[in-house]
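**Student:** TSV, C-alpha atoms, saved as input_33.tsv, coming up:
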chain	number	residue	atom	x	y	z
A	275	MET	CA	78.24	97.51	240.72
A	276	SER	CA	81.17	96.41	242.88
A	277	ALA	CA	84.58	97.80	242.03
A	278	SER	CA	85.85	94.24	241.63
A	279	PHE	CA	84.02	94.04	238.29
A	280	ASP	CA	86.82	95.45	236.15
A	281	PRO	CA	85.46	96.95	232.90
A	282	THR	CA	88.47	95.55	231.03
A	283	THR	CA	87.43	91.99	231.86
A	284	ILE	CA	83.87	92.65	230.71
A	285	LYS	CA	85.30	94.08	227.49
A	286	ALA	CA	87.48	90.98	227.09
A	287	LEU	CA	84.38	88.81	227.43
A	288	GLU	CA	82.38	90.89	224.96
A	289	GLU	CA	85.17	90.63	222.40
A	290	ALA	CA	85.57	86.89	222.90
A	291	LEU	CA	81.90	85.85	223.09
A	292	PRO	CA	81.07	85.81	219.35
A	293	GLY	CA	84.03	83.58	218.55
A	294	LEU	CA	83.46	81.28	221.53
A	295	ARG	CA	79.77	80.90	220.71
A	296	GLU	CA	80.58	80.15	217.09
A	297	ARG	CA	83.11	77.56	218.18
A	298	ALA	CA	80.54	75.97	220.49
A	299	GLU	CA	77.92	75.92	217.72
A	300	ASN	CA	80.36	74.24	215.36
A	301	ALA	CA	81.30	71.64	217.98
A	302	LEU	CA	77.63	70.89	218.62
A	303	ASN	CA	76.74	70.74	214.95
A	304	ASN	CA	79.64	68.38	214.25
A	305	ASN	CA	78.80	66.05	217.15
A	306	LEU	CA	75.03	65.79	216.74
A	307	PRO	CA	73.48	63.28	214.33
A	308	ALA	CA	72.38	64.79	211.03
A	309	ALA	CA	68.69	65.61	210.80
A	310	THR	CA	68.52	63.42	207.69
A	311	ALA	CA	69.89	60.35	209.51
A	312	HIS	CA	67.43	57.61	210.47
A	313	PRO	CA	65.32	58.02	212.62
A	314	THR	CA	64.91	61.49	211.14
A	315	ARG	CA	62.18	62.88	213.41
A	316	LEU	CA	64.17	62.12	216.57
A	317	HIS	CA	67.38	63.55	215.15
A	318	GLU	CA	65.56	66.63	213.89
A	319	ALA	CA	64.08	67.15	217.36
A	320	MET	CA	67.49	66.69	219.02
A	321	ARG	CA	68.96	69.41	216.83
A	322	TYR	CA	65.93	71.63	217.48
A	323	ALA	CA	66.47	71.32	221.23
A	324	VAL	CA	70.22	71.99	221.11
A	325	LEU	CA	70.74	74.38	218.22
A	326	GLY	CA	67.72	76.60	218.79
A	327	GLY	CA	69.56	79.36	220.61
A	328	GLY	CA	70.92	79.71	224.12
A	329	LYS	CA	73.66	81.57	225.98
A	330	ARG	CA	76.14	78.66	225.66
A	331	MET	CA	77.54	79.58	229.05
A	332	ARG	CA	78.66	76.05	229.90
A	333	PRO	CA	80.72	75.39	226.76
A	334	ILE	CA	82.10	78.93	227.04
A	335	LEU	CA	83.22	78.05	230.56
A	336	VAL	CA	85.06	75.03	229.14
A	337	TYR	CA	86.86	77.20	226.59
A	338	ALA	CA	87.53	80.06	229.01
A	339	THR	CA	88.97	77.67	231.59
A	340	GLY	CA	91.33	76.31	228.98
A	341	GLN	CA	92.42	79.82	228.08
A	342	ALA	CA	92.98	80.66	231.75
A	343	LEU	CA	95.36	77.70	231.88
A	344	GLY	CA	97.11	78.61	228.65
A	345	TYR	CA	95.39	76.08	226.38
A	346	SER	CA	92.91	76.70	223.58
A	347	GLY	CA	93.35	73.58	221.43
A	348	PRO	CA	90.82	71.20	219.86
A	349	ALA	CA	90.68	68.87	222.89
A	350	LEU	CA	88.27	71.41	224.44
A	351	ASP	CA	85.64	70.93	221.72
A	352	ALA	CA	84.31	67.51	222.75
A	353	PRO	CA	83.74	68.43	226.43
A	354	ALA	CA	82.25	71.78	225.39
A	355	ALA	CA	79.74	70.02	223.14
A	356	ALA	CA	79.06	67.26	225.68
A	357	VAL	CA	78.24	69.59	228.55
A	358	GLU	CA	75.86	71.64	226.40
A	359	MET	CA	74.08	68.48	225.21
A	360	ILE	CA	73.54	67.54	228.85
A	361	HIS	CA	72.24	71.03	229.60
A	362	ALA	CA	69.85	70.86	226.63
A	363	TYR	CA	68.61	67.43	227.69
A	364	SER	CA	67.91	68.73	231.19
A	365	LEU	CA	65.89	71.64	229.79
A	366	VAL	CA	63.84	69.38	227.52
A	367	HIS	CA	62.95	67.15	230.47
A	368	ASP	CA	62.43	70.07	232.89
A	369	ASP	CA	59.91	71.60	230.48
A	370	LEU	CA	57.73	68.47	230.30
A	371	PRO	CA	54.25	68.57	231.86
A	372	ALA	CA	55.32	66.10	234.56
A	373	MET	CA	58.08	68.48	235.63
A	374	ASP	CA	57.87	72.27	235.15
A	375	ASP	CA	55.25	72.21	232.36
A	376	ASP	CA	56.63	75.09	230.27
A	377	ASP	CA	55.50	76.10	226.80
A	378	TRP	CA	58.44	78.34	225.83
A	379	ARG	CA	62.19	77.95	225.91
A	380	ARG	CA	64.79	80.21	224.28
A	381	GLY	CA	62.02	82.19	222.59
A	382	GLN	CA	60.47	79.22	220.80
A	383	PRO	CA	58.04	76.42	221.70
A	384	THR	CA	59.50	73.84	224.03
A	385	CYS	CA	60.47	70.52	222.50
A	386	HIS	CA	57.33	68.68	223.58
A	387	ARG	CA	55.18	71.50	222.16
A	388	ALA	CA	57.05	71.64	218.86
A	389	TYR	CA	56.97	67.83	218.57
A	390	ASP	CA	55.22	65.74	221.25
A	391	GLU	CA	55.87	64.44	224.75
A	392	PRO	CA	57.18	60.97	223.80
A	393	THR	CA	59.58	62.52	221.31
A	394	ALA	CA	60.79	65.03	223.90
A	395	ILE	CA	61.48	62.24	226.39
A	396	LEU	CA	63.49	60.37	223.76
A	397	VAL	CA	65.32	63.57	222.81
A	398	GLY	CA	66.51	63.96	226.40
A	399	ASP	CA	67.52	60.30	226.61
A	400	SER	CA	69.40	60.52	223.31
A	401	LEU	CA	71.22	63.76	224.15
A	402	HIS	CA	72.30	62.22	227.45
A	403	SER	CA	73.96	59.27	225.70
A	404	GLN	CA	75.26	61.41	222.81
A	405	ALA	CA	77.13	63.58	225.31
A	406	PHE	CA	79.12	60.63	226.62
A	407	ALA	CA	79.70	59.27	223.13
A	408	THR	CA	81.10	62.67	222.20
A	409	LEU	CA	83.49	62.66	225.15
A	410	CYS	CA	84.76	59.24	224.13
A	411	GLN	CA	85.39	60.00	220.46
A	412	ALA	CA	88.99	60.57	219.43
A	413	ASN	CA	88.69	63.26	216.79
A	414	ALA	CA	91.05	66.02	217.94
A	415	GLU	CA	94.70	66.44	217.07
A	416	ASP	CA	95.89	66.58	220.68
A	417	GLN	CA	93.62	64.17	222.47
A	418	PRO	CA	93.67	63.73	226.25
A	419	THR	CA	95.20	60.51	227.54
A	420	PRO	CA	92.84	57.55	228.06
A	421	GLN	CA	92.95	58.13	231.82
A	422	THR	CA	92.08	61.79	231.38
A	423	ARG	CA	89.19	60.79	229.14
A	424	VAL	CA	87.93	58.41	231.84
A	425	ASN	CA	88.25	61.21	234.40
A	426	MET	CA	86.22	63.52	232.16
A	427	VAL	CA	83.46	60.94	231.74
A	428	ALA	CA	83.39	60.37	235.50
A	429	ALA	CA	83.29	64.11	236.26
A	430	LEU	CA	80.32	64.66	233.98
A	431	ALA	CA	78.51	61.54	235.19
A	432	TRP	CA	78.82	62.51	238.84
A	433	ALA	CA	77.69	66.07	238.11
A	434	ILE	CA	74.42	65.06	236.48
A	435	GLY	CA	73.30	62.10	238.57
A	436	SER	CA	71.50	61.72	241.87
A	437	ARG	CA	74.28	63.54	243.71
A	438	GLY	CA	74.22	66.37	241.20
A	439	MET	CA	71.77	67.81	238.69
A	440	ALA	CA	69.12	65.06	238.85
A	441	GLY	CA	69.28	65.07	242.64
A	442	GLY	CA	68.80	68.83	242.65
A	443	GLN	CA	65.76	68.47	240.43
A	444	ALA	CA	64.34	65.87	242.83
A	445	ILE	CA	64.88	68.25	245.75
A	446	ASP	CA	63.22	71.02	243.72
A	447	LEU	CA	60.13	68.93	242.97
A	448	SER	CA	59.78	67.82	246.58
A	449	ALA	CA	60.06	71.45	247.74
A	450	VAL	CA	57.00	72.71	245.84
A	451	GLY	CA	54.54	74.15	248.33
A	452	ARG	CA	56.99	73.82	251.23
A	453	SER	CA	59.01	76.47	252.98
A	454	LEU	CA	62.78	76.12	252.66
A	455	ASP	CA	65.35	78.09	254.57
A	456	ILE	CA	68.33	79.68	252.82
A	457	ALA	CA	70.65	76.74	253.54
A	458	GLU	CA	68.18	74.27	252.04
A	459	LEU	CA	67.60	76.46	249.00
A	460	GLU	CA	71.34	76.83	248.46
A	461	ASP	CA	71.80	73.07	248.73
A	462	MET	CA	69.13	72.53	246.08
A	463	HIS	CA	70.75	74.93	243.62
A	464	ILE	CA	74.29	73.70	244.27
A	465	HIS	CA	73.02	70.37	242.98
A	466	LYS	CA	70.50	71.41	240.32
A	467	THR	CA	72.41	74.21	238.57
A	468	GLY	CA	75.81	74.48	240.21
A	469	ALA	CA	76.98	70.91	239.66
A	470	LEU	CA	76.95	71.18	235.85
A	471	ILE	CA	78.63	74.59	235.92
A	472	ARG	CA	81.37	73.19	238.15
A	473	ALA	CA	81.68	70.21	235.80
A	474	SER	CA	82.11	72.58	232.85
A	475	VAL	CA	85.12	74.17	234.52
A	476	LYS	CA	86.50	70.80	235.62
A	477	LEU	CA	86.24	69.45	232.07
A	478	GLY	CA	88.15	72.49	230.85
A	479	VAL	CA	90.84	71.81	233.46
A	480	LEU	CA	91.17	68.14	232.49
A	481	ALA	CA	91.13	68.79	228.74
A	482	SER	CA	93.90	71.34	229.25
A	483	GLY	CA	96.15	68.69	230.79
A	484	TYR	CA	95.84	69.72	234.42
A	485	SER	CA	95.05	67.45	237.35
A	486	SER	CA	91.82	68.16	239.22
A	487	ASP	CA	93.94	68.10	242.40
A	488	SER	CA	96.21	70.95	241.28
A	489	GLU	CA	96.08	74.30	243.04
A	490	ALA	CA	94.83	75.98	239.88
A	491	ALA	CA	92.03	73.44	239.60
A	492	GLN	CA	90.98	74.00	243.21
A	493	ASN	CA	90.85	77.77	242.71
A	494	LEU	CA	88.85	77.32	239.53
A	495	ASP	CA	86.42	75.03	241.34
A	496	ARG	CA	85.85	77.72	243.98
A	497	TYR	CA	85.21	80.16	241.16
A	498	ALA	CA	82.71	77.79	239.54
A	499	LYS	CA	80.85	77.13	242.79
A	500	CYS	CA	80.34	80.86	243.36
A	501	VAL	CA	79.40	81.55	239.74
A	502	GLY	CA	76.93	78.67	239.67
A	503	LEU	CA	75.02	79.94	242.69
A	504	ALA	CA	75.14	83.57	241.53
A	505	PHE	CA	73.80	82.47	238.14
A	506	GLN	CA	70.85	80.66	239.74
A	507	ILE	CA	70.01	83.53	242.09
A	508	HIS	CA	69.93	85.87	239.10
A	509	ASP	CA	67.70	83.38	237.27
A	510	ASP	CA	65.30	83.59	240.23
A	511	VAL	CA	65.41	87.38	239.99
A	512	LEU	CA	64.68	87.29	236.25
A	513	ASP	CA	61.73	84.99	236.86
A	514	VAL	CA	60.21	87.79	238.95
A	515	ALA	CA	61.49	90.91	237.21
A	516	GLY	CA	62.44	89.74	233.70
A	517	ASP	CA	60.59	90.48	230.47
A	518	VAL	CA	59.21	87.40	228.72
A	519	ASN	CA	60.24	88.76	225.32
A	520	THR	CA	63.83	89.10	226.57
A	521	ILE	CA	64.25	85.98	228.69
A	522	GLY	CA	62.58	83.78	226.08
A	523	LYS	CA	60.33	81.90	228.50
A	524	SER	CA	57.35	82.58	230.73
A	525	SER	CA	58.08	84.86	233.68
A	526	GLY	CA	56.51	84.33	237.10
A	527	ALA	CA	56.41	80.58	236.55
A	528	ASP	CA	58.17	79.74	239.82
A	529	ALA	CA	55.77	81.83	241.89
A	530	ALA	CA	52.79	80.33	240.07
A	531	ARG	CA	53.96	76.85	241.06
A	532	ASP	CA	54.71	77.93	244.65
A	533	LYS	CA	58.37	77.01	244.21
A	534	PRO	CA	60.95	78.29	246.70
A	535	THR	CA	63.18	81.04	245.28
A	536	TYR	CA	65.70	83.55	246.60
A	537	PRO	CA	63.44	86.58	245.97
A	538	ALA	CA	60.64	84.82	247.86
A	539	LEU	CA	62.91	84.32	250.86
A	540	LEU	CA	65.13	87.41	250.73
A	541	GLY	CA	63.35	89.89	248.49
A	542	LEU	CA	64.65	91.21	245.17
A	543	ARG	CA	67.15	93.71	246.56
A	544	GLU	CA	68.88	91.29	248.93
A	545	SER	CA	68.87	88.57	246.26
A	546	ARG	CA	70.65	90.89	243.85
A	547	GLU	CA	73.16	91.86	246.54
A	548	LEU	CA	73.87	88.21	247.37
A	549	ALA	CA	74.42	87.39	243.69
A	550	GLU	CA	76.84	90.32	243.41
A	551	ARG	CA	78.82	89.17	246.46
A	552	LEU	CA	79.10	85.66	245.05
A	553	ALA	CA	80.25	86.95	241.67
A	554	SER	CA	82.86	89.10	243.43
A	555	ASP	CA	84.03	86.06	245.43
A	556	ALA	CA	84.33	84.12	242.17
A	557	ILE	CA	86.64	86.77	240.75
A	558	THR	CA	88.74	86.74	243.93
A	559	ALA	CA	89.26	82.99	243.49
A	560	LEU	CA	91.10	83.77	240.24
A	561	ASP	CA	93.68	86.07	241.86
A	562	ASP	CA	96.56	83.66	241.19
A	563	LEU	CA	95.74	83.45	237.49
A	564	GLY	CA	96.85	86.08	235.01
A	565	GLU	CA	95.18	87.96	232.19
A	566	GLY	CA	94.28	84.68	230.55
A	567	ALA	CA	91.49	84.36	233.12
A	568	ASP	CA	89.88	87.68	232.15
A	569	ILE	CA	87.11	85.96	230.20
A	570	LEU	CA	86.22	83.97	233.33
A	571	ARG	CA	86.23	87.21	235.32
A	572	GLY	CA	83.96	88.80	232.73
A	573	LEU	CA	81.61	85.80	232.90
A	574	ALA	CA	81.25	86.27	236.65
A	575	ALA	CA	80.01	89.81	236.04
A	576	TYR	CA	77.88	88.77	233.07
A	577	CYS	CA	76.04	86.08	235.02
A	578	ILE	CA	74.44	88.70	237.28
A	579	GLN	CA	74.01	91.46	234.68
A	580	ARG	CA	72.36	89.47	231.88
A	581	GLN	CA	68.74	90.13	231.00
A	582	ALA	CA	68.02	86.60	229.73
Show me, as structure tokens, the structure contained in the file I just sent.

**Tutor:**
Amino acid sequence: MSASFDPTTIKALEEALPGLRERAENALNNNLPAATAHPTRLHEAMRYAVLGGGKRMRPILVYATGQALGYSGPALDAPAAAVEMIHAYSLVHDDLPAMDDDDWRRGQPTCHRAYDEPTAILVGDSLHSQAFATLCQANAEDQPTPQTRVNMVAALAWAIGSRGMAGGQAIDLSAVGRSLDIAELEDMHIHKTGALIRASVKLGVLASGYSSDSEAAQNLDRYAKCVGLAFQIHDDVLDVAGDVNTIGKSSGADAARDKPTYPALLGLRESRELAERLASDAITALDDLGEGADILRGLAAYCIQRQA
């Protein structure tokens, strides 16, 4: 592993992760409809899709960005919950037979297998709208200004639409069975995976009271861009080399569908090396930030070392 992966930052992440994940779980639990609320089956399925495990990397990025900027207050909770709801919605829809047709997610049956396809579609739709409702609710002691709240809504909306996550999924579907070069594959993943990761960091910046035009915000965006691509490359590696019992979903699915991946184009070794370089570049982007950014530095290392 590159020398730029300081063991102290990995230790800082390991020490912080339990608390950050618990905070994210609480924010999600508090902002999702109760399973007993009408219509109960839909709300039960929404909670199944969101609360059934997961790394919580995106809400952790929101919290860690705030910490890097010297803020850890309650205004981070709504964006942390919102971005994870969007991520969960995207997974529910990605798993549907019309998309990736997966049976397992996070070590349990996918939403449409646990319930049914119509319910899964409605779960995704409902989580999408719930995310924006959550961003708009004023329930923290030190709320962002109305303009900041608008900026947060806009940042998330742009990240998940046709110029972001949904557009990346469209590129992905159209690429099945075709040969893509590295530039085209990178473009697909910058949209499909990277846009939401960059939005997570941007939401953390905005909730912490910083302008997205500030120098710190620009450096953090460079960090997020590198981490997002490294994360996806490592996902491609895990799809080839990961253990299904560890990653919690079927391995080899991308190859079975003839989908373009980094290992298919570069091979496993070069894919791992590229992910490591990107993670190292992400850490370099944080050079002007102090020890408060150590959790972000640890996340850059974690994203290419994780086994799931």

**Student:** Smallest atom-to-atom distance to A:Asp374: which of A:Val450, A:Leu302, A:Ala582, A:Ala338, using only C-alpha atoms?

**Tutor:**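 Of A:Val450, A:Leu302, A:Ala582, A:Ala338, the one nearest A:Asp374 is A:Val450, counting only C-alpha atoms.
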
**Student:** Which residue, A:Gly468, A:Pro333, A:Gly566, A:Pro353, has the smallest gap to A:Gln404 when you use all atoms listed in the file?

**Tutor:**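 Distance minimum relative to A:Gln404 lands on A:Pro353.
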
**Student:** Excluding A:Leu365 and any residue of its chain fewer than 4 positions from it, enumerate the residues within 12 Å of it, using all atoms listed in the file, and give them as a ChimeraX atom specification.

**Tutor:** /A:320,323-324,328,358-361,369-370,373-380,384-386,394-395,397-399,401-402,439-440,443,466-467,523

**Student:** Show which residues sit within 8 Å of stretch 543-549 of chain A, as a list in words. Count only C-alpha atoms, and ignore same-chain residues fewer than 5 positions away.

**Tutor:**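 Once the adjacent positions are removed, what remains is Leu503, Ala504, Phe505, Ile507, His508, Val511, Tyr536, Pro537 and Ile578 of chain A.
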
**Student:** Identify which of the residues A:Gly478, A:Pro420, A:Pro383, A:Gly435 lies closest to A:Arg332, counting only C-alpha atoms when measuring atom-to-atom distances.

**Tutor:**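 Checking each candidate against A:Arg332, we get A:Gly478 as the closest.
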
**Student:** I need every residue sitting at most 12 Å from the point (90.8, 86.7, 240.1) (coordinates as in the file, only C-alpha atoms considered), written as a VMD selection string.

**Tutor:** chain A and resid 278 to 280 283 342 490 493 to 494 496 to 497 553 to 575

**Student:** Looking at all atoms listed in the file, which of A:Ala431, A:Met426, A:Ala372, A:Leu335 is the one that sits closest to A:Ala481?

**Tutor:**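 The shortest atom-to-atom distance to A:Ala481 comes from A:Met426.
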
**Student:** Applying 9 Å and all atoms listed in the file, which residues near A:Leu430 remain after dropping the ones on its own chain fewer than 2 positions away? List them as a list in words.

**Tutor:**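 Those residues are Ala356, Val357, Ile360, Phe406, Asn425, Met426, Val427, Ala428, Trp432, Ala433, Ile434, Gly435, Leu470, Ala473, Ser474, Lys476 and Leu477 of chain A.
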
**Student:** Pick from A:Lys329, A:Arg321, A:His312, A:Arg297: nearest to A:Ala352, with all atoms listed in the file counted?

**Tutor:**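 Using all atoms listed in the file, A:Ala352 sits closest to A:Arg297.
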